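Note: the block below is coords.txt and it holds compact mmCIF, C-alpha atoms.
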```txt
# COMPACT_ATOMS: atom_id res chain seq x y z
CA VAL I 1 -7.82 62.57 18.05
CA ALA I 2 -10.53 62.15 20.66
CA MET I 3 -11.92 59.58 23.04
CA ASP I 4 -15.47 58.40 22.40
CA PHE I 5 -18.03 57.28 24.96
CA GLY I 6 -21.39 55.63 24.48
CA ARG I 7 -23.99 53.73 26.45
CA ILE I 8 -26.42 51.10 25.22
CA THR I 9 -29.18 49.88 27.53
CA LEU I 10 -29.99 46.26 26.71
CA SER I 11 -32.41 45.78 29.61
CA GLU I 12 -32.91 47.12 33.15
CA GLN I 13 -30.12 44.87 34.39
CA HIS I 14 -27.77 45.07 31.41
CA VAL I 15 -26.05 48.20 30.18
CA LEU I 16 -23.07 48.38 27.83
CA TYR I 17 -20.65 51.25 28.39
CA LEU I 18 -18.52 51.88 25.33
CA PHE I 19 -15.16 53.61 25.39
CA GLY I 20 -13.41 54.32 22.13
CA THR I 21 -9.77 55.06 22.83
CA PRO I 22 -7.12 56.19 20.40
CA GLY I 23 -4.61 53.49 19.56
CA GLN I 24 -1.58 55.75 19.57
CA GLU I 25 1.04 54.94 22.19
CA ARG I 26 0.69 58.35 23.86
CA PHE I 27 -2.85 57.39 24.95
CA TRP I 28 -2.00 53.99 26.43
CA PHE I 29 -1.96 55.42 29.97
CA MET I 30 -5.79 55.55 29.80
CA TRP I 31 -6.19 51.89 28.89
CA ASP I 32 -5.48 50.50 32.38
CA GLU I 33 -8.02 52.82 33.98
CA LEU I 34 -10.72 52.25 31.37
CA SER I 35 -10.29 48.48 31.38
CA GLN I 36 -10.98 48.19 35.14
CA GLY I 37 -14.05 45.97 35.38
CA ALA I 38 -14.28 45.51 31.62
CA LEU I 39 -15.84 42.26 30.49
CA GLY I 40 -14.72 42.53 26.89
CA ALA I 41 -13.31 44.62 24.10
CA VAL I 42 -13.47 45.14 20.37
CA VAL I 43 -10.12 45.67 18.67
CA LEU I 44 -10.95 47.73 15.59
CA ALA I 45 -8.39 46.75 12.98
CA ASP I 46 -7.35 48.92 10.07
CA THR I 47 -5.77 46.54 7.54
CA ARG I 48 -3.68 49.41 6.17
CA ARG I 49 -1.93 49.55 9.58
CA LEU I 50 -2.45 46.05 10.93
CA ALA I 51 0.81 46.04 12.91
CA GLU I 52 -0.69 48.72 15.19
CA CYS I 53 -3.21 46.14 16.46
CA PHE I 54 -0.59 43.98 18.18
CA ALA I 55 -0.40 46.29 21.21
CA ALA I 56 -4.17 46.12 21.76
CA VAL I 57 -4.30 42.34 21.27
CA ASP I 58 -1.41 41.89 23.73
CA PHE I 59 -3.03 44.26 26.24
CA PHE I 60 -6.30 42.31 26.40
CA GLU I 61 -4.64 38.89 26.30
CA ARG I 62 -2.32 39.77 29.23
CA ARG I 63 -5.26 40.94 31.32
CA GLY I 64 -7.51 38.01 30.46
CA ILE I 65 -10.14 40.31 28.95
CA GLY I 66 -12.17 38.62 26.23
CA PHE I 67 -12.06 40.40 22.91
CA ILE I 68 -12.94 40.17 19.25
CA VAL I 69 -11.25 41.76 16.26
CA ALA I 70 -13.47 43.83 13.98
CA VAL I 71 -11.79 44.46 10.63
CA ASN I 72 -12.83 47.98 9.63
CA GLU I 73 -13.52 48.09 5.91
CA PHE I 74 -12.76 51.23 3.93
CA ASP I 75 -13.82 52.25 0.44
CA GLY I 76 -11.04 51.52 -2.00
CA ALA I 77 -8.99 49.46 0.46
CA TYR I 78 -8.14 45.83 -0.22
CA ARG I 79 -10.60 43.55 1.59
CA TYR I 80 -8.96 40.78 3.55
CA GLU I 81 -10.80 37.67 4.65
CA PRO I 82 -11.16 37.23 8.43
CA ASP I 83 -8.87 34.17 8.36
CA GLU I 84 -6.14 36.23 6.67
CA VAL I 85 -6.34 38.81 9.47
CA ARG I 86 -6.42 36.05 12.11
CA SER I 87 -3.22 34.62 10.68
CA ALA I 88 -1.51 38.02 10.38
CA LEU I 89 -2.32 38.85 14.03
CA ASP I 90 -1.48 35.31 15.22
CA LEU I 91 -4.89 34.91 16.87
CA GLY I 92 -6.17 31.62 18.19
CA PRO I 93 -9.33 30.07 16.77
CA GLU I 94 -11.28 31.11 19.87
CA VAL I 95 -11.01 34.83 19.01
CA PRO I 96 -13.80 35.93 16.66
CA VAL I 97 -12.74 38.04 13.68
CA VAL I 98 -15.57 39.90 11.92
CA LEU I 99 -15.81 42.38 9.08
CA CYS I 100 -17.18 45.78 10.02
CA ASP I 101 -17.75 49.23 8.60
CA ALA I 102 -17.51 51.45 11.68
CA ARG I 103 -19.29 54.26 9.81
CA ILE I 104 -22.49 52.21 9.65
CA ALA I 105 -24.38 51.83 12.93
CA SER I 106 -25.84 48.41 12.11
CA SER I 107 -22.38 47.07 11.25
CA SER I 108 -20.91 48.37 14.51
CA THR I 109 -23.86 46.93 16.41
CA GLY I 110 -23.21 43.57 14.75
CA ALA I 111 -19.63 43.63 16.05
CA LEU I 112 -20.89 44.38 19.57
CA VAL I 113 -23.42 41.54 19.37
CA THR I 114 -20.59 39.21 18.32
CA LEU I 115 -18.56 40.38 21.34
CA VAL I 116 -21.44 39.76 23.76
CA GLN I 117 -22.09 36.30 22.26
CA HIS I 118 -18.37 35.51 22.52
CA LEU I 119 -18.29 36.55 26.19
CA ILE I 120 -21.42 34.53 27.00
CA ASN I 121 -20.00 31.45 25.28
CA ALA I 122 -16.64 31.87 27.02
CA THR I 123 -18.20 32.13 30.48
CA SER I 124 -20.55 29.19 29.94
CA ALA I 125 -17.82 26.89 28.59
CA PRO I 126 -16.75 24.18 31.03
CA ALA I 127 -13.36 24.63 32.67
CA PRO I 128 -10.63 22.48 31.12
CA LEU I 129 -9.92 19.27 32.98
CA GLN I 130 -6.51 18.79 34.52
CA ALA I 131 -4.74 15.48 34.39
CA PHE I 132 -4.64 13.59 37.66
CA GLY I 133 -1.61 14.65 39.66
CA ALA I 134 -0.88 17.67 37.47
CA HIS I 135 0.76 20.60 39.21
CA GLN I 136 0.15 24.24 38.45
```
Represent the supplied structure as structure tokens.
Amino acid sequence: VAMDFGRITLSEQHVLYLFGTPGQERFWFMWDELSQGALGAVVLADTRRLAECFAAVDFFERRGIGFIVAVNEFDGAYRYEPDEVRSALDLGPEVPVVLCDARIASSSTGALVTLVQHLINATSAPAPLQAFGAHQ
């Protein structure tokens, strides 16, 4: 088990730093440090062990970090539809769920593009209106 790191330069002003962290509980101590300043995350879901995704989903939700779920497809494994995974993980409709084969660069890039689009859309969305006299 190892941690992965990558960097993608989109333009002079925009660079993506990628950290691939193991999902096992013994590595969770790294997540707080690595998520400092993070704008978003991809939760890579293995449908053979979907229950292991709950910790990652909870982590990013609690910290208000935008994320998508990329369902990693494996040869010979049953292929679930994104809506089936959304339901199993109890995700809201605002969280994108995409199919991905992490072994194929273009598929992984597609998941990252979806994340960036999701983050752009989330930051450009108008703030919800509060009812007059509502208290927080």
Grab the CA of Ala88 in chain I to CA of Leu50 in chain I distance for me, in Å with one decimal place. 8.1 Å
Interatomic distance (Å, one decimal) between CA of Gln117 in chain I and CA of Glu73 in chain I: 21.9 Å
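Each of I:Leu91, I:Ala122, I:Ala70, I:Ala77 was checked against Ser107 in chain I using only C-alpha atoms; the smallest atom-to-atom distance is that of I:Ala70.
Rounded to one decimal, CA of His118 in chain I and CA of Pro96 in chain I lie 7.4 Å from each other.
For Ile104 in chain I, the list of residues within 12 Å, based on all atoms listed in the file and with local chain neighbours fewer than 4 positions off taken out, reads Asn72, Glu73, Phe74, Leu99, Cys100, Ser108, Thr109, Gly110 and Ala111 of chain I.
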Using only C-alpha atoms and a cutoff of 12 Å, can you tell me which residues are near (-9.4, 32.3, 18.6) in the file's coordinates, and write them out as a PyMOL selection string? chain I and resi 57+61+66-69+82-83+85-87+89-98+118+122
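By only C-alpha atoms, and with residues fewer than 5 positions from range 18-34 of chain I along its chain excluded, the set lying at most 6 Å from it is Met3, Asp4, Phe5, Gly6 and Arg7 of chain I.
Nearest-residue note for Gly76 in chain I: choosing from I:Glu12, I:Glu52, I:Thr47, I:Gln36, the minimum distance belongs to I:Thr47, counting all atoms listed in the file.
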Let me know the centre plus edge lengths, in Å and rounded to one decimal, of a box with edges along x, y and z that contains all listed atoms of range 2-13 of chain I and is padded by 5 Å on every side, as JSON.
```
{"center_x": -21.7, "center_y": 53.5, "center_z": 27.5, "size_x": 32.4, "size_y": 27.3, "size_z": 23.7}
```
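Using all atoms listed in the file, the shortest contact distance between Phe59 in chain I and any of I:Ile8, I:Val71, I:Val116, I:Val43 is found at I:Val43.
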Missing atoms in range 18-41 of chain I: can you complete it with N, CA and C atoms, as an mmCIF file, in the coordinates of the input?
```cif
data_model
loop_
_atom_site.group_PDB
_atom_site.id
_atom_site.type_symbol
_atom_site.label_atom_id
_atom_site.label_comp_id
_atom_site.auth_asym_id
_atom_site.auth_seq_id
_atom_site.Cartn_x
_atom_site.Cartn_y
_atom_site.Cartn_z
ATOM 1 N N LEU I 18 -19.476 51.983 26.436
ATOM 2 C CA LEU I 18 -18.520 51.880 25.330
ATOM 3 C C LEU I 18 -17.508 53.009 25.421
ATOM 4 N N PHE I 19 -16.236 52.632 25.384
ATOM 5 C CA PHE I 19 -15.160 53.610 25.390
ATOM 6 C C PHE I 19 -14.325 53.387 24.137
ATOM 7 N N GLY I 20 -14.260 54.383 23.306
ATOM 8 C CA GLY I 20 -13.410 54.320 22.130
ATOM 9 C C GLY I 20 -12.146 55.101 22.408
ATOM 10 N N THR I 21 -11.031 54.395 22.501
ATOM 11 C CA THR I 21 -9.770 55.060 22.830
ATOM 12 C C THR I 21 -8.853 55.083 21.627
ATOM 13 N N PRO I 22 -8.106 56.148 21.488
ATOM 14 C CA PRO I 22 -7.120 56.190 20.400
ATOM 15 C C PRO I 22 -6.084 55.094 20.589
ATOM 16 N N GLY I 23 -5.591 54.570 19.493
ATOM 17 C CA GLY I 23 -4.610 53.490 19.560
ATOM 18 C C GLY I 23 -3.173 53.958 19.668
ATOM 19 N N GLN I 24 -2.950 55.266 19.518
ATOM 20 C CA GLN I 24 -1.580 55.750 19.570
ATOM 21 C C GLN I 24 -0.968 55.536 20.950
ATOM 22 N N GLU I 25 0.322 55.268 20.949
ATOM 23 C CA GLU I 25 1.040 54.940 22.190
ATOM 24 C C GLU I 25 0.881 56.027 23.251
ATOM 25 N N ARG I 26 0.785 57.275 22.866
ATOM 26 C CA ARG I 26 0.690 58.350 23.860
ATOM 27 C C ARG I 26 -0.610 58.310 24.661
ATOM 28 N N PHE I 27 -1.582 57.508 24.232
ATOM 29 C CA PHE I 27 -2.850 57.390 24.950
ATOM 30 C C PHE I 27 -2.959 56.099 25.762
ATOM 31 N N TRP I 28 -1.924 55.271 25.743
ATOM 32 C CA TRP I 28 -2.000 53.990 26.430
ATOM 33 C C TRP I 28 -2.199 54.133 27.930
ATOM 34 N N PHE I 29 -1.799 55.248 28.524
ATOM 35 C CA PHE I 29 -1.960 55.420 29.970
ATOM 36 C C PHE I 29 -3.427 55.315 30.382
ATOM 37 N N MET I 30 -4.355 55.617 29.489
ATOM 38 C CA MET I 30 -5.790 55.550 29.800
ATOM 39 C C MET I 30 -6.317 54.118 29.804
ATOM 40 N N TRP I 31 -5.646 53.232 29.081
ATOM 41 C CA TRP I 31 -6.190 51.890 28.890
ATOM 42 C C TRP I 31 -6.347 51.139 30.201
ATOM 43 N N ASP I 32 -5.374 51.216 31.103
ATOM 44 C CA ASP I 32 -5.480 50.500 32.380
ATOM 45 C C ASP I 32 -6.700 50.967 33.160
ATOM 46 N N GLU I 33 -6.894 52.266 33.232
ATOM 47 C CA GLU I 33 -8.020 52.820 33.980
ATOM 48 C C GLU I 33 -9.350 52.422 33.347
ATOM 49 N N LEU I 34 -9.459 52.550 32.050
ATOM 50 C CA LEU I 34 -10.720 52.250 31.370
ATOM 51 C C LEU I 34 -11.041 50.762 31.345
ATOM 52 N N SER I 35 -10.035 49.919 31.444
ATOM 53 C CA SER I 35 -10.290 48.480 31.380
ATOM 54 C C SER I 35 -10.656 47.884 32.741
ATOM 55 N N GLN I 36 -10.580 48.683 33.818
ATOM 56 C CA GLN I 36 -10.980 48.190 35.140
ATOM 57 C C GLN I 36 -12.441 47.749 35.086
ATOM 58 N N GLY I 37 -12.695 46.497 35.384
ATOM 59 C CA GLY I 37 -14.050 45.970 35.380
ATOM 60 C C GLY I 37 -14.605 45.633 34.010
ATOM 61 N N ALA I 38 -13.803 45.803 32.981
ATOM 62 C CA ALA I 38 -14.280 45.510 31.620
ATOM 63 C C ALA I 38 -14.494 44.013 31.448
ATOM 64 N N LEU I 39 -15.560 43.662 30.797
ATOM 65 C CA LEU I 39 -15.840 42.260 30.490
ATOM 66 C C LEU I 39 -15.309 41.876 29.123
ATOM 67 N N GLY I 40 -15.176 42.851 28.232
ATOM 68 C CA GLY I 40 -14.720 42.530 26.890
ATOM 69 C C GLY I 40 -14.335 43.763 26.118
ATOM 70 N N ALA I 41 -13.780 43.520 24.934
ATOM 71 C CA ALA I 41 -13.310 44.620 24.100
ATOM 72 C C ALA I 41 -13.418 44.252 22.627
#
```
